[in-house]
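A short write-up of the structure that comes next.
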Amino acid sequence: MTVKEAEIGKAGESNRTAWHFHPELPIRLAPFYDRPVNFKNIAKYVLGGWSLFGERIYFLLIAIGIWIFFSPSLERTVTFQFDWIFEIWLRNLILITIVAGGLHLYLYTFRKQGDDLRYDTRTYPAKGKAFLFGNQLWDNMFWSLTSAVAVWTAYESVFMWVYANGLATMITLQDHPFWFIALILLTPYWAGFYFFWQHRSLHWPPLFKHIHARHHKNVNLGPWSGLSQHPVEQIIDQSDCLIFLLIPSHPVHVIFNLLFHGIGAPSSHTGYDAVRLWGSRRLQIGDFLHQLHHRHFDCNYGTYDMPWDRVFGCFHDGTPEGDRTITERRKALHAKARKNVSR
Ligand SMILES: [Zn+2]
Ligand SMILES: [Zn+2]
């Protein structure tokens, strides 16, 4: 696949392999964008985002736990010192190992639920020269455990230093309960908003070729694929937390935001829609919208919460009709590209 093809997909390419499992189709964006506005659906969706059977509530609990039990005090972070930065790095390394490593062992090594709820049953991890060490798993683990954790640690450490030195306005739950909680509720939407724009930019051919192509080597996905990115992409991707330099916030907000990358990316790239719990209960982890992006490259740059894929005509709803829409768009882009070349 050439870079141009990777960026806008292969002309006329059809749905290569039927999905082994997919959520109810067509997949739908958040009901914020439905017309007429249905407030009941919106309320259900927003509250559902914090369900005990979703991941967001656990990101928040882990962020609070990290701040209370596993963060250096702000007295220590007034100056950059190896010891407290090392503590943050080690904790992040352990956390990603537990989450990504745990999911990989559960789903792929011990195959505890077989292919139940798995999107694509083609081989994962794959082998081949495209991957570091010739092995997708080792490649994915390498980029996650080295540069991704380093970038995560760097952002968090800078913020600890910034708050300790009063360079950003720090609020507390006691002083500003409304804003404190509102910021927690808004953070997932901010992360989704930022994700679309940075991700779409990385599909611009020069950036794709040199940076984002590394993440797209992963056509079929596993938990370690989420943060398997070029270090420059890791820096761009995780920089959504920098918003907290501008708005009054607390370290919990920064840690919470960074967890959408540190453990959110492994969780959304598992290749499974959910982990079966008991009976019909499931822990929702996968992201079919993003799985479609990894298969087709030129659709679904964003998340369920953001309207941009629909606005720009690159939303794939998982149906054959969605396939046709994307194929038509791809052909039009190819025709336009050819026309520009022949000018
Ligand atoms: Zn991409
Ligand atoms: Zn991805």
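Chain lettering (A, B, ...) mirrors the order of the structure tokens, residue numbering begins at 1 for each chain separately, and ligand numbering begins at 1 in order of display.
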
Residues contacting ligand 2 - anything with an atom at most 7 Å away, using only C-alpha atoms and all ligand atoms - can you give me those as a PDB file with C-alpha atoms, in the first residue's frame?
ATOM      1  CA  HIS A 215       0.297   3.013  14.428  1.00  0.00           C
ATOM      2  CA  GLY A 226      -3.266   1.315  21.429  1.00  0.00           C
ATOM      3  CA  HIS A 269      -7.751  -1.366  20.961  1.00  0.00           C
ATOM      4  CA  HIS A 290     -12.018   2.944  15.730  1.00  0.00           C
ATOM      5  CA  HIS A 294      -7.920   0.593  11.417  1.00  0.00           C
TER       6      HIS A 294
END

Exercise for review: Show me which residues sit within 8 Å of ligand 1 when counting only C-alpha atoms and all ligand atoms, and put them as a ChimeraX atom specification.
Suggested key: /A:199-200,202-203,212-213,215-216,293-294,297-298,301

What does the file look like for those residues with N, CA and C atoms, as a short mmCIF file (atom, residue, chain, number, x, y, z; two decimals), in the first residue's frame?
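And here's selection-v9.cif as it stands now:
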data_model
loop_
_atom_site.label_atom_id
_atom_site.label_comp_id
_atom_site.auth_asym_id
_atom_site.auth_seq_id
_atom_site.Cartn_x
_atom_site.Cartn_y
_atom_site.Cartn_z
N HIS A 199 -5.76 13.55 15.17
CA HIS A 199 -5.71 12.31 14.40
C HIS A 199 -5.94 12.59 12.92
N ARG A 200 -6.91 13.46 12.61
CA ARG A 200 -7.17 13.80 11.21
C ARG A 200 -5.95 14.46 10.59
N LEU A 202 -2.89 13.95 11.39
CA LEU A 202 -1.85 12.94 11.18
C LEU A 202 -2.10 12.10 9.93
N HIS A 203 -3.29 12.21 9.35
CA HIS A 203 -3.55 11.51 8.09
C HIS A 203 -3.21 12.36 6.87
N HIS A 212 2.32 8.71 11.54
CA HIS A 212 1.15 7.92 11.93
C HIS A 212 1.14 6.50 11.34
N ALA A 213 1.92 6.30 10.26
CA ALA A 213 1.95 4.98 9.61
C ALA A 213 2.35 3.89 10.62
N HIS A 215 1.48 3.52 13.71
CA HIS A 215 0.30 3.01 14.43
C HIS A 215 -0.56 2.16 13.50
N HIS A 216 -0.61 2.53 12.20
CA HIS A 216 -1.48 1.83 11.25
C HIS A 216 -0.88 0.53 10.73
N HIS A 293 -11.82 2.23 11.57
CA HIS A 293 -10.76 3.11 11.08
C HIS A 293 -9.49 2.32 10.77
N HIS A 294 -9.14 1.38 11.65
CA HIS A 294 -7.92 0.59 11.42
C HIS A 294 -8.07 -0.31 10.20
N PHE A 297 -8.83 2.87 7.12
CA PHE A 297 -7.89 4.01 7.16
C PHE A 297 -8.54 5.38 6.96
N ASP A 298 -9.52 5.49 6.07
CA ASP A 298 -9.97 6.82 5.66
C ASP A 298 -11.38 7.14 6.13
N TYR A 301 -12.28 9.06 12.01
CA TYR A 301 -11.07 9.60 12.65
C TYR A 301 -11.33 9.96 14.12
#

Review point. Which residue gives the smallest distance to Phe288 in chain A among A:Trp19, A:Trp89, A:Trp308, A:Trp190, with only C-alpha atoms counted?
Key: A:Trp19

Check your understanding: What lies within 10 Å of Thr79 in chain A using only C-alpha atoms, ignoring chain neighbours under 2 positions off, as a ChimeraX atom specification?
Key -> /A:74-77,81-82,84,160-162,164-165

Emit the selected residues as a short mmCIF file (atom, residue, chain, number, x, y, z; two decimals), in the first residue's frame, including N, CA and C atoms.
data_model
loop_
_atom_site.label_atom_id
_atom_site.label_comp_id
_atom_site.auth_asym_id
_atom_site.auth_seq_id
_atom_site.Cartn_x
_atom_site.Cartn_y
_atom_site.Cartn_z
N LEU A 74 3.10 17.80 46.49
CA LEU A 74 3.50 19.00 45.75
C LEU A 74 4.69 19.70 46.42
N GLU A 75 4.91 19.43 47.72
CA GLU A 75 6.11 19.99 48.37
C GLU A 75 7.38 19.44 47.71
N ARG A 76 7.30 18.18 47.29
CA ARG A 76 8.48 17.55 46.69
C ARG A 76 8.68 17.97 45.23
N THR A 77 7.60 18.36 44.58
CA THR A 77 7.71 18.58 43.13
C THR A 77 8.02 20.04 42.75
N GLN A 81 13.26 16.58 40.34
CA GLN A 81 14.20 15.66 40.97
C GLN A 81 13.97 14.26 40.40
N PHE A 82 15.07 13.54 40.27
CA PHE A 82 14.97 12.21 39.68
C PHE A 82 14.02 11.31 40.48
N TRP A 84 11.22 11.63 42.46
CA TRP A 84 9.75 11.65 42.32
C TRP A 84 9.30 11.44 40.87
N MET A 160 2.95 18.45 37.74
CA MET A 160 3.19 18.45 39.19
C MET A 160 4.11 19.60 39.57
N TRP A 161 5.08 19.88 38.73
CA TRP A 161 6.00 20.99 38.95
C TRP A 161 5.27 22.34 38.77
N VAL A 162 4.42 22.39 37.76
CA VAL A 162 3.66 23.63 37.48
C VAL A 162 2.74 23.97 38.65
N ALA A 164 2.98 22.92 41.75
CA ALA A 164 3.78 23.18 42.95
C ALA A 164 4.33 24.61 42.95
N ASN A 165 4.57 25.15 41.76
CA ASN A 165 5.16 26.49 41.66
C ASN A 165 4.12 27.57 41.36
#

Practice item. Would you please extract all alpha helix (DSSP H) residues from range 118-237 of chain A, as assigned by DSSP on the backbone, and give them as a PyMOL selection string? Key: chain A and resi 136-143+149-164+177-202+205-207+213-216+231-237
